[in-house]
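Next up, work_29.txt (compact mmCIF, C-alpha atoms):
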# COMPACT_ATOMS: atom_id res chain seq x y z
CA MET A 1 0.00 0.00 0.00
CA ASN A 2 1.48 3.36 -0.99
CA ASP A 3 2.39 5.81 1.76
CA SER A 4 0.97 8.58 -0.37
CA SER A 5 -2.53 7.26 0.31
CA LEU A 6 -2.20 7.27 4.08
CA PRO A 7 -3.38 10.01 6.43
CA PRO A 8 -0.90 12.85 7.00
CA ILE A 9 0.19 11.67 10.44
CA LEU A 10 1.75 8.46 9.12
CA PRO A 11 4.17 9.93 6.57
CA GLU A 12 5.40 12.29 9.30
CA ASP A 13 6.00 9.35 11.61
CA ASN A 14 7.81 7.40 8.89
CA SER A 15 10.01 10.29 7.75
CA GLY A 16 13.22 11.58 9.22
CA PRO A 17 16.27 9.66 10.39
CA GLY A 18 14.17 7.12 12.24
CA ASN A 19 13.04 5.00 9.27
CA PRO A 20 14.14 2.31 9.59
CA GLY A 21 16.94 3.21 12.00
CA ALA A 22 15.11 5.35 14.56
CA ASP A 23 15.99 2.97 17.38
CA ASN A 24 19.68 2.97 16.35
CA ALA A 25 19.72 6.74 16.24
CA ALA A 26 18.10 6.95 19.65
CA SER A 27 20.72 4.61 21.14
CA ASN A 28 23.67 6.83 20.11
CA ALA A 29 25.42 8.82 22.77
CA PRO A 30 24.44 12.51 22.89
CA GLY A 31 27.64 13.65 21.24
CA SER A 32 28.25 10.77 18.86
CA PRO A 33 27.83 11.28 15.12
CA PRO A 34 24.78 9.75 13.47
CA SER A 35 24.86 6.73 11.16
CA PRO A 36 25.81 7.37 7.52
CA PRO A 37 22.88 9.38 6.19
CA GLU A 38 20.70 7.98 3.43
CA MET A 39 18.97 11.31 2.87
CA SER A 40 20.31 14.37 1.17
CA ALA A 41 19.79 16.58 4.24
CA PRO A 42 23.07 17.14 6.19
CA ALA A 43 23.35 15.75 9.72
CA THR A 44 23.09 18.56 12.24
CA PRO A 45 22.64 18.67 16.01
CA ALA A 46 19.01 19.61 15.39
CA SER A 47 18.38 16.09 14.09
CA HIS A 48 18.86 14.77 17.62
CA ILE A 49 16.08 17.06 18.85
CA THR A 50 13.52 15.22 16.74
CA VAL A 51 14.57 11.75 17.87
CA PRO A 52 12.23 11.60 20.90
CA GLU A 53 9.28 12.55 18.65
CA ILE A 54 10.09 9.74 16.21
CA GLU A 55 11.02 7.19 18.84
CA GLU A 56 7.67 7.35 20.64
CA PRO A 57 5.50 5.85 17.83
CA SER A 58 8.00 3.02 17.09
CA THR A 59 4.97 0.92 16.01
CA PRO A 60 2.09 2.10 13.80
CA PRO A 61 -0.32 4.30 15.79
CA VAL A 62 -3.09 1.70 15.85
CA SER A 63 -5.13 0.97 18.94
CA PRO A 64 -4.97 -2.53 20.44
CA GLU A 65 -8.62 -3.05 19.48
CA PHE A 66 -7.84 -3.00 15.76
CA ALA A 67 -4.74 -5.14 16.21
CA LYS A 68 -7.02 -7.75 17.79
CA ILE A 69 -9.45 -7.49 14.86
CA LYS A 70 -6.61 -8.14 12.44
CA GLN A 71 -5.54 -11.15 14.48
CA LEU A 72 -9.14 -12.43 14.58
CA PHE A 73 -9.48 -12.05 10.80
CA GLU A 74 -6.26 -13.99 10.19
CA LEU A 75 -7.32 -16.74 12.59
CA ILE A 76 -10.68 -17.11 10.84
CA GLN A 77 -8.97 -17.33 7.45
CA ALA A 78 -6.57 -19.99 8.74
CA GLU A 79 -9.40 -22.09 10.19
CA VAL A 80 -11.50 -21.82 7.00
CA ALA A 81 -8.51 -23.00 4.93
CA LYS A 82 -8.41 -26.27 6.87
CA LEU A 83 -11.53 -27.49 5.05
CA TYR A 84 -12.24 -24.95 2.28
CA VAL A 85 -9.72 -24.42 -0.50
CA GLY A 86 -9.29 -21.15 -2.40
CA GLN A 87 -12.15 -18.79 -3.35
CA ASP A 88 -10.48 -15.82 -1.66
CA GLU A 89 -13.09 -13.33 -2.93
CA LEU A 90 -15.89 -15.38 -1.38
CA VAL A 91 -14.12 -15.66 1.98
CA LEU A 92 -13.13 -11.98 2.14
CA GLY A 93 -16.49 -10.74 0.87
CA THR A 94 -18.48 -12.88 3.30
CA LEU A 95 -16.42 -11.84 6.32
CA THR A 96 -16.57 -8.19 5.26
CA ALA A 97 -20.35 -8.35 4.90
CA LEU A 98 -20.71 -10.12 8.24
CA PHE A 99 -18.69 -7.52 10.14
CA SER A 100 -20.34 -4.67 8.20
CA GLY A 101 -23.90 -5.76 8.92
CA GLY A 102 -24.68 -6.64 5.30
CA HIS A 103 -25.74 -9.63 3.19
CA VAL A 104 -24.24 -11.39 0.18
CA LEU A 105 -25.58 -12.56 -3.18
CA ILE A 106 -23.43 -15.32 -4.67
CA GLU A 107 -23.54 -16.22 -8.34
CA SER A 108 -21.92 -19.56 -9.11
CA VAL A 109 -22.48 -22.93 -10.67
CA PRO A 110 -23.39 -25.83 -8.36
CA GLY A 111 -20.79 -27.94 -6.62
CA LEU A 112 -18.27 -25.31 -5.52
CA GLY A 113 -18.66 -25.90 -1.79
CA LYS A 114 -20.82 -22.98 -0.70
CA THR A 115 -22.70 -25.03 1.89
CA LEU A 116 -19.41 -26.43 3.17
CA PHE A 117 -18.03 -22.91 3.52
CA VAL A 118 -21.00 -21.54 5.44
CA ARG A 119 -21.10 -24.54 7.79
CA THR A 120 -17.39 -24.18 8.43
CA LEU A 121 -17.76 -20.46 9.08
CA GLY A 122 -20.62 -21.07 11.49
CA ARG A 123 -18.50 -23.52 13.47
CA ILE A 124 -15.58 -21.06 13.62
CA LEU A 125 -17.74 -18.14 14.73
CA GLY A 126 -19.80 -20.17 17.16
CA CYS A 127 -22.96 -19.16 15.27
CA GLU A 128 -26.00 -21.18 14.28
CA PHE A 129 -26.19 -22.30 10.64
CA GLY A 130 -29.32 -22.78 8.56
CA ARG A 131 -30.05 -23.63 4.94
CA ILE A 132 -33.19 -23.15 2.87
CA GLN A 133 -33.57 -24.72 -0.57
CA PHE A 134 -35.78 -22.31 -2.50
CA THR A 135 -38.30 -23.90 -4.86
CA ALA A 136 -41.19 -22.67 -7.00
CA ASP A 137 -43.79 -23.70 -4.40
CA LEU A 138 -42.00 -22.23 -1.37
CA MET A 139 -44.32 -19.94 0.57
CA PRO A 140 -43.33 -17.04 2.87
CA SER A 141 -44.60 -18.94 5.93
CA ASP A 142 -42.24 -21.80 5.03
CA ILE A 143 -39.26 -19.59 5.86
CA THR A 144 -40.67 -17.21 8.48
CA GLY A 145 -42.76 -19.66 10.49
CA ALA A 146 -46.44 -19.45 11.36
CA PRO A 147 -48.89 -19.70 14.27
CA VAL A 148 -49.92 -23.24 15.15
CA PHE A 149 -52.73 -24.34 17.42
CA ASP A 150 -51.58 -25.86 20.71
CA MET A 151 -54.08 -28.52 21.77
CA GLN A 152 -52.91 -28.47 25.39
CA THR A 153 -53.38 -24.75 25.93
CA SER A 154 -56.11 -24.26 23.30
CA GLU A 155 -54.16 -21.26 21.99
CA PHE A 156 -52.16 -20.38 18.97
CA ARG A 157 -48.42 -20.13 19.45
CA PHE A 158 -45.75 -19.03 17.02
CA ARG A 159 -43.52 -21.73 15.59
CA ALA A 160 -40.32 -20.17 14.26
CA GLY A 161 -39.22 -20.99 10.74
CA PRO A 162 -35.71 -21.79 9.46
CA VAL A 163 -34.93 -18.10 9.02
CA PHE A 164 -34.36 -17.84 12.77
CA THR A 165 -30.67 -18.60 12.62
CA GLN A 166 -27.49 -16.55 12.36
CA LEU A 167 -25.81 -17.71 9.14
CA LEU A 168 -28.49 -18.50 6.57
CA LEU A 169 -27.72 -20.04 3.18
CA ALA A 170 -30.62 -19.24 0.83
CA ASP A 171 -29.85 -21.71 -1.94
CA GLU A 172 -31.09 -20.83 -5.44
CA ILE A 173 -33.12 -17.89 -4.23
CA ASN A 174 -34.28 -17.07 -7.77
CA ARG A 175 -36.36 -20.28 -7.95
CA SER A 176 -39.01 -19.01 -5.54
CA PRO A 177 -41.80 -16.55 -6.40
CA ALA A 178 -41.63 -12.83 -5.73
CA LYS A 179 -43.68 -12.89 -2.50
CA THR A 180 -41.19 -15.30 -0.93
CA HIS A 181 -38.31 -13.06 -2.03
CA ALA A 182 -40.06 -10.11 -0.43
CA ALA A 183 -40.53 -11.94 2.86
CA LEU A 184 -36.84 -12.81 3.11
CA LEU A 185 -35.64 -9.39 2.03
CA GLU A 186 -37.85 -7.71 4.63
CA ILE A 187 -36.20 -9.84 7.32
CA MET A 188 -32.77 -8.90 5.95
CA GLN A 189 -33.62 -5.23 6.29
CA GLU A 190 -35.62 -5.20 9.53
CA TYR A 191 -33.99 -8.14 11.38
CA ARG A 192 -37.37 -9.32 12.56
CA VAL A 193 -40.45 -11.27 11.50
CA THR A 194 -43.91 -9.82 12.08
CA ILE A 195 -46.75 -12.33 12.39
CA ASP A 196 -50.27 -11.27 13.40
CA GLY A 197 -49.01 -7.90 14.57
CA THR A 198 -46.30 -9.39 16.81
CA SER A 199 -42.61 -8.86 16.00
CA HIS A 200 -40.15 -11.68 16.52
CA PRO A 201 -36.49 -10.55 16.24
CA VAL A 202 -34.00 -12.83 14.53
CA PRO A 203 -30.78 -13.58 16.44
CA LYS A 204 -27.74 -11.43 15.76
CA PRO A 205 -25.38 -11.48 14.01
CA PHE A 206 -27.63 -12.30 11.06
CA LEU A 207 -26.05 -12.92 7.65
CA VAL A 208 -27.85 -14.14 4.54
CA LEU A 209 -25.84 -15.73 1.75
CA ALA A 210 -28.20 -16.11 -1.21
CA THR A 211 -27.09 -18.09 -4.26
CA GLN A 212 -28.28 -18.19 -7.83
CA ASN A 213 -27.19 -20.33 -10.76
CA PRO A 214 -26.18 -18.25 -13.83
CA LEU A 215 -26.41 -21.22 -16.23
CA GLU A 216 -30.02 -22.20 -15.72
CA SER A 217 -32.90 -19.75 -16.17
CA GLU A 218 -35.86 -22.08 -16.76
CA GLY A 219 -38.30 -21.96 -13.86
CA THR A 220 -36.59 -19.03 -12.16
CA TYR A 221 -37.77 -15.58 -11.05
CA ASN A 222 -35.20 -12.84 -11.50
CA LEU A 223 -34.70 -10.57 -8.53
CA PRO A 224 -35.73 -6.99 -9.43
CA GLU A 225 -33.21 -4.16 -9.04
CA ALA A 226 -34.93 -2.84 -5.91
CA GLN A 227 -34.38 -6.19 -4.19
CA LEU A 228 -30.86 -6.69 -5.52
CA ASP A 229 -29.96 -3.36 -3.96
CA ARG A 230 -30.61 -4.88 -0.51
CA PHE A 231 -27.52 -7.08 -0.85
CA MET A 232 -24.27 -5.44 0.16
CA PHE A 233 -22.16 -7.54 -2.24
CA LYS A 234 -22.56 -9.69 -5.30
CA LEU A 235 -19.73 -12.21 -5.35
CA MET A 236 -18.77 -14.20 -8.45
CA VAL A 237 -17.51 -17.68 -7.58
CA ASP A 238 -15.70 -19.41 -10.44
CA TYR A 239 -14.12 -22.82 -10.82
CA PRO A 240 -10.95 -23.36 -8.75
CA SER A 241 -7.50 -23.41 -10.29
CA ALA A 242 -5.80 -26.72 -11.19
CA ASN A 243 -3.74 -26.77 -8.00
CA GLU A 244 -6.72 -25.85 -5.84
CA GLU A 245 -8.89 -28.53 -7.43
CA ALA A 246 -6.19 -31.15 -6.85
CA GLU A 247 -6.07 -30.10 -3.20
CA ILE A 248 -9.87 -30.40 -3.00
CA LEU A 249 -9.71 -33.94 -4.36
CA LYS A 250 -7.13 -34.93 -1.75
CA MET A 251 -9.01 -33.25 1.09
CA HIS A 252 -12.59 -34.38 0.43
CA SER A 253 -12.43 -37.63 -1.58
CA MET A 254 -12.45 -39.85 1.55
CA GLN A 255 -15.82 -41.01 2.82
CA VAL A 256 -15.66 -39.20 6.16
CA ASP A 257 -18.69 -37.59 7.79
CA PHE A 258 -18.37 -33.84 7.35
CA GLY A 259 -20.01 -33.09 10.69
CA GLN A 260 -17.39 -35.22 12.40
CA ARG A 261 -14.61 -33.38 10.56
CA LEU A 262 -16.05 -30.06 11.68
CA GLU A 263 -15.99 -31.21 15.29
CA ASN A 264 -12.49 -32.66 15.12
CA GLU A 265 -10.60 -30.27 12.82
CA ILE A 266 -12.24 -26.86 13.26
CA GLN A 267 -11.96 -24.96 16.52
CA PRO A 268 -14.46 -22.23 17.46
CA ILE A 269 -12.43 -19.06 18.01
CA THR A 270 -15.16 -16.56 18.83
CA ASN A 271 -18.85 -16.28 19.66
CA PRO A 272 -21.83 -14.13 18.60
CA GLU A 273 -21.26 -11.60 21.39
CA ILE A 274 -17.68 -10.95 20.28
CA VAL A 275 -18.80 -10.71 16.66
CA GLN A 276 -21.29 -8.01 17.64
CA LYS A 277 -18.55 -6.09 19.47
CA VAL A 278 -16.27 -6.31 16.43
CA ILE A 279 -19.08 -4.99 14.22
CA SER A 280 -19.42 -2.00 16.55
CA THR A 281 -15.65 -1.41 16.56
CA CYS A 282 -15.39 -1.57 12.77
CA SER A 283 -17.99 1.19 12.49
CA GLN A 284 -15.59 3.52 14.35
CA VAL A 285 -12.89 3.43 11.65
CA ARG A 286 -12.12 6.97 10.46
CA VAL A 287 -12.87 7.99 6.86
CA GLU A 288 -11.33 11.30 5.79
CA ASP A 289 -13.37 13.83 3.85
CA ARG A 290 -11.28 13.35 0.70
CA LEU A 291 -12.03 9.63 0.75
CA VAL A 292 -15.74 10.36 1.24
CA GLU A 293 -15.60 12.62 -1.84
CA TYR A 294 -13.86 9.84 -3.79
CA ILE A 295 -16.54 7.31 -2.84
CA ASN A 296 -19.22 9.83 -3.76
CA ALA A 297 -17.56 10.41 -7.13
CA LEU A 298 -17.51 6.66 -7.82
CA ILE A 299 -21.20 6.30 -7.07
CA ARG A 300 -22.29 9.36 -9.04
CA SER A 301 -20.18 8.37 -12.04
CA THR A 302 -22.23 5.21 -12.48
CA ARG A 303 -25.27 7.39 -13.24
CA THR A 304 -23.59 9.21 -16.13
CA TRP A 305 -21.41 6.45 -17.58
CA PRO A 306 -22.55 5.90 -21.21
CA ALA A 307 -22.62 2.09 -20.98
CA PHE A 308 -24.91 2.02 -17.93
CA HIS A 309 -28.65 2.27 -18.21
CA ILE A 310 -29.17 2.34 -14.43
CA GLY A 311 -26.66 3.72 -11.94
CA ALA A 312 -26.01 3.00 -8.28
CA SER A 313 -28.16 4.42 -5.50
CA PRO A 314 -26.96 6.22 -2.34
CA ARG A 315 -27.30 2.86 -0.55
CA ALA A 316 -24.34 1.71 -2.65
CA GLY A 317 -22.23 4.54 -1.26
CA ILE A 318 -23.20 3.62 2.28
CA ALA A 319 -22.28 -0.02 1.61
CA LEU A 320 -18.93 1.04 0.14
CA MET A 321 -18.18 3.22 3.17
CA GLN A 322 -19.10 0.49 5.63
CA SER A 323 -17.12 -2.20 3.83
CA ALA A 324 -14.05 0.05 3.44
CA ARG A 325 -14.08 0.59 7.21
CA THR A 326 -14.19 -3.17 7.79
CA ILE A 327 -11.39 -3.86 5.30
CA ALA A 328 -9.26 -1.26 7.11
CA ALA A 329 -9.99 -2.93 10.46
CA PHE A 330 -8.98 -6.31 8.98
CA SER A 331 -5.62 -4.67 8.16
CA GLY A 332 -5.22 -3.49 11.77
CA ARG A 333 -5.86 0.19 10.99
CA ASP A 334 -8.29 2.64 12.54
CA PHE A 335 -8.47 4.70 9.34
CA ALA A 336 -9.54 3.85 5.79
CA VAL A 337 -7.48 4.47 2.65
CA PRO A 338 -8.33 4.36 -1.08
CA ASP A 339 -6.92 0.83 -1.37
CA ASP A 340 -9.63 -0.36 1.02
CA VAL A 341 -12.25 1.06 -1.32
CA MET A 342 -10.64 -0.52 -4.39
CA GLU A 343 -10.54 -3.91 -2.66
CA ILE A 344 -14.32 -4.17 -2.53
CA VAL A 345 -15.74 -1.69 -5.07
CA LEU A 346 -16.63 -4.25 -7.76
CA PRO A 347 -18.69 -6.54 -5.46
CA VAL A 348 -20.52 -3.46 -4.16
CA LEU A 349 -21.43 -2.05 -7.57
CA ARG A 350 -21.74 -4.92 -10.05
CA HIS A 351 -25.35 -5.79 -9.15
CA ARG A 352 -26.45 -2.18 -8.77
CA VAL A 353 -25.83 -1.07 -12.35
CA SER A 354 -27.36 -2.28 -15.60
CA LEU A 355 -25.84 -2.18 -19.07
CA THR A 356 -27.56 -0.44 -21.94
CA ALA A 357 -28.94 -2.55 -24.77
CA GLU A 358 -26.12 -1.37 -27.06
CA ALA A 359 -23.45 -2.43 -24.54
CA GLU A 360 -25.04 -5.87 -24.15
CA ILE A 361 -25.19 -6.36 -27.92
CA GLU A 362 -21.50 -5.46 -28.16
CA GLY A 363 -20.70 -8.12 -25.58
CA ARG A 364 -19.41 -5.83 -22.84
CA SER A 365 -19.48 -6.94 -19.21
CA VAL A 366 -20.43 -4.95 -16.13
CA ASP A 367 -17.06 -5.53 -14.46
CA GLU A 368 -15.14 -4.31 -17.54
CA GLU A 369 -17.18 -1.12 -17.69
CA LEU A 370 -16.80 -0.52 -13.96
CA ARG A 371 -13.02 -0.90 -14.20
CA ALA A 372 -12.90 1.55 -17.10
CA MET A 373 -15.04 4.03 -15.16
CA ILE A 374 -12.90 3.71 -12.02
CA ARG A 375 -9.68 4.34 -13.95
CA GLY A 376 -11.02 7.72 -15.00
CA ILE A 377 -11.63 8.96 -11.44
CA GLU A 378 -8.74 10.61 -9.62
CA VAL A 379 -7.64 8.82 -6.46
CA PRO A 380 -7.13 11.15 -3.47
CA ARG A 381 -3.51 11.64 -2.38
CA ASN A 382 -1.91 13.35 0.58
Take the structure in the file and write it out as structure tokens.
Amino acid sequence: MNDSSLPPILPEDNSGPGNPGADNAASNAPGSPPSPPEMSAPATPASHITVPEIEEPSTPPVSPEFAKIKQLFELIQAEVAKLYVGQDELVLGTLTALFSGGHVLIESVPGLGKTLFVRTLGRILGCEFGRIQFTADLMPSDITGAPVFDMQTSEFRFRAGPVFTQLLLADEINRSPAKTHAALLEIMQEYRVTIDGTSHPVPKPFLVLATQNPLESEGTYNLPEAQLDRFMFKLMVDYPSANEEAEILKMHSMQVDFGQRLENEIQPITNPEIVQKVISTCSQVRVEDRLVEYINALIRSTRTWPAFHIGASPRAGIALMQSARTIAAFSGRDFAVPDDVMEIVLPVLRHRVSLTAEAEIEGRSVDEELRAMIRGIEVPRN
């Protein structure tokens, strides 16, 4: 990451005779000459005056809270890699959405281990895992739950549906009708289910990973743009590389119960309460005004780009801000930089813009047009 993209305080801390030999300079006797200079400025007695200022922040000025978040992120990645090979964008995007309070739409062909990944993540985070297979006859009450008559009490009581979990895999969401989509998306937004005027909150953290198959369109119901906008990211999961696929064959070709492997090989390293605290801490990451203007320019450019028929809404800018904060926290920083925005900008925008008919006829892709648009926007520098 370039120093030119960091906040002003960091270049000042990294400059002067103390980088990387600040400790050596501080250990010299008061009258001894400094080490051979690597800078063009001549060594003068005044250089010793600045040594205490440079010596104090010998490590990056990051609070212990964010150092712990970085450590937690690395531990989660290491545990996931024990059973799930590759797919770095899926892992990073899912964790970023989880700790940003968002949800994920995954577009991939079947058989790439999405259920395995979510089950593994649930075990690592100490969260409950649920899966719903969406079909054409799935009704809203099938996912939310419904009142049932209790013969013993002669009263109706609410029986919770499968949506009352913490990590929910909504498999092939585009196979269900629009009213079922609407029921799930309302829960994603409100974090509660309302039945007969009574609200039932879903447990937190609550993350929905919805999948759809790009190869098969028969018997499916496309999600409208207004509902797609509810997802923080759209992640594209492709086939693994040759080396990754060979590793998958070695790891999962033995007939071993997966639940047993989860118990034996994966260690829970956190719990829902800690996850909620990390979400709150990530929201405190600083975003400078120039970076806010850059994010705003990215969002507004999608509305005037010639190849786009529909541009991104302000919700996209909010999602980009939130996810950039989380990416910065994963790096152990309490401030966001442009590289954090670039890390996640395509998953945030690719499902929020639509190509014009001319662009589709010419065979252009959304990601190609977004990259071209981003290259034309000046990145803020110090």
From the options A:Pro201, A:Pro272, A:Pro314, A:Pro224, which residue's atoms come nearest to Asn296 of chain A, counting only C-alpha atoms?
A:Pro314
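Atom CA of Ala146 of chain A to atom CA of Glu128 of chain A spans 20.7 Å [interatomic distance, one decimal].
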Pick from A:Pro380, A:Val237, A:Ser331, A:Thr144 nearest to Ser199 of chain A, counting only C-alpha atoms
A:Thr144
Neighbours of Arg350 of chain A within 7 Å (all atoms listed in the file; same-chain residues fewer than 4 positions away dropped), as a ChimeraX atom specification?
/A:234,346,366-367
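Residue nearest Cys127 of chain A, chosen from A:Pro203, A:Gly197, A:Pro110, A:Pro162 and counting only C-alpha atoms: A:Pro203.
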Can I get the residues of segment 268-347 of chain A within 12 Å of segment 73-76 of chain A, each with the closest pair of atoms and their distance in Å to one decimal, using all atoms listed in the file, sorted chain first then ascending number, as JSON lines?
{"residue": "A:Pro268", "atom": "CA", "partner": "A:Ile76", "partner_atom": "CA", "distance": 9.2}
{"residue": "A:Ile269", "atom": "CA", "partner": "A:Ile76", "partner_atom": "CA", "distance": 7.6}
{"residue": "A:Thr270", "atom": "CA", "partner": "A:Ile76", "partner_atom": "CA", "distance": 9.2}
{"residue": "A:Val275", "atom": "CA", "partner": "A:Phe73", "partner_atom": "CA", "distance": 11.1}
{"residue": "A:Val278", "atom": "CA", "partner": "A:Phe73", "partner_atom": "CA", "distance": 10.5}
{"residue": "A:Thr326", "atom": "CA", "partner": "A:Phe73", "partner_atom": "CA", "distance": 10.5}
{"residue": "A:Ile327", "atom": "CA", "partner": "A:Phe73", "partner_atom": "CA", "distance": 10.0}
{"residue": "A:Ala328", "atom": "CA", "partner": "A:Phe73", "partner_atom": "CA", "distance": 11.4}
{"residue": "A:Ala329", "atom": "CA", "partner": "A:Phe73", "partner_atom": "CA", "distance": 9.1}
{"residue": "A:Phe330", "atom": "CA", "partner": "A:Phe73", "partner_atom": "CA", "distance": 6.0}
{"residue": "A:Ser331", "atom": "CA", "partner": "A:Phe73", "partner_atom": "CA", "distance": 8.7}
{"residue": "A:Gly332", "atom": "CA", "partner": "A:Phe73", "partner_atom": "CA", "distance": 9.6}
Distance query Thr211 of chain A at most 9 Å, all atoms listed in the file, self and fewer than 4 positions along chain excluded, as a list in words
Val104, Leu105, Ile106, Glu107, Ser108, Lys114, Leu169, Ala170, Asp171, Glu172, Ile173 and Asn174 of chain A
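Taking only C-alpha atoms into account, Ala336 of chain A lies nearest to A:Val287 out of the set A:Val287, A:Leu168, A:Ile132, A:Leu184.
Among the candidates A:Val345, A:Ala324, A:Ile124, A:Ile295, the one nearest to Cys282 of chain A when counting only C-alpha atoms is A:Ala324.
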Atom CA of Leu83 of chain A to atom CA of Gln212 of chain A, distance in Å rounded to a single decimal:
23.1 Å
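Note that the spacing between atom CA of Phe117 of chain A and atom CA of Val80 of chain A amounts to 7.5 Å.
Residues with any atom within 7 Å of Ser100 of chain A, counting only C-alpha atoms and excluding same-chain neighbours fewer than 5 positions away, are Ile279, Gln322, Ser323 and Thr326 of chain A.
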For Arg192 of chain A, find every residue with an atom within 12 Å (counting only C-alpha atoms), except residues of its own chain fewer than 6 positions away, and show them as a ChimeraX atom specification.
/A:144-145,160-161,163-165,183-186,198-204,206
Find the spatial neighbours of Arg123 of chain A, counting all atoms listed in the file, within a cut-off of 8 Å - ignore same-chain residues fewer than 2 positions away - and output them as an mmCIF file with C-alpha atoms, keeping the file's coordinate frame.
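Okay, around-v9.cif is ready:
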data_model
loop_
_atom_site.group_PDB
_atom_site.id
_atom_site.type_symbol
_atom_site.label_atom_id
_atom_site.label_comp_id
_atom_site.auth_asym_id
_atom_site.auth_seq_id
_atom_site.Cartn_x
_atom_site.Cartn_y
_atom_site.Cartn_z
ATOM 1 C CA ARG A 119 -21.100 -24.540 7.790
ATOM 2 C CA THR A 120 -17.390 -24.180 8.430
ATOM 3 C CA LEU A 121 -17.760 -20.460 9.080
ATOM 4 C CA LEU A 125 -17.740 -18.140 14.730
ATOM 5 C CA GLY A 126 -19.800 -20.170 17.160
ATOM 6 C CA CYS A 127 -22.960 -19.160 15.270
ATOM 7 C CA GLU A 128 -26.000 -21.180 14.280
ATOM 8 C CA LEU A 262 -16.050 -30.060 11.680
ATOM 9 C CA ILE A 266 -12.240 -26.860 13.260
ATOM 10 C CA GLN A 267 -11.960 -24.960 16.520
ATOM 11 C CA PRO A 268 -14.460 -22.230 17.460
#
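Closest to Ala210 of chain A among A:Leu223, A:Val337, A:Ala81, A:Leu291 is A:Leu223, based on all atoms listed in the file.
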Could you work out an axis-aligned bounding box for all listed atoms of segment 282-288 of chain A, with 4 Å added on each of the six sides, and give its centre and edge lengths in Å to one decimal, as AutoDock Vina command-line options?
--center_x -14.7 --center_y 4.9 --center_z 10.1 --size_x 14.7 --size_y 20.9 --size_z 16.6
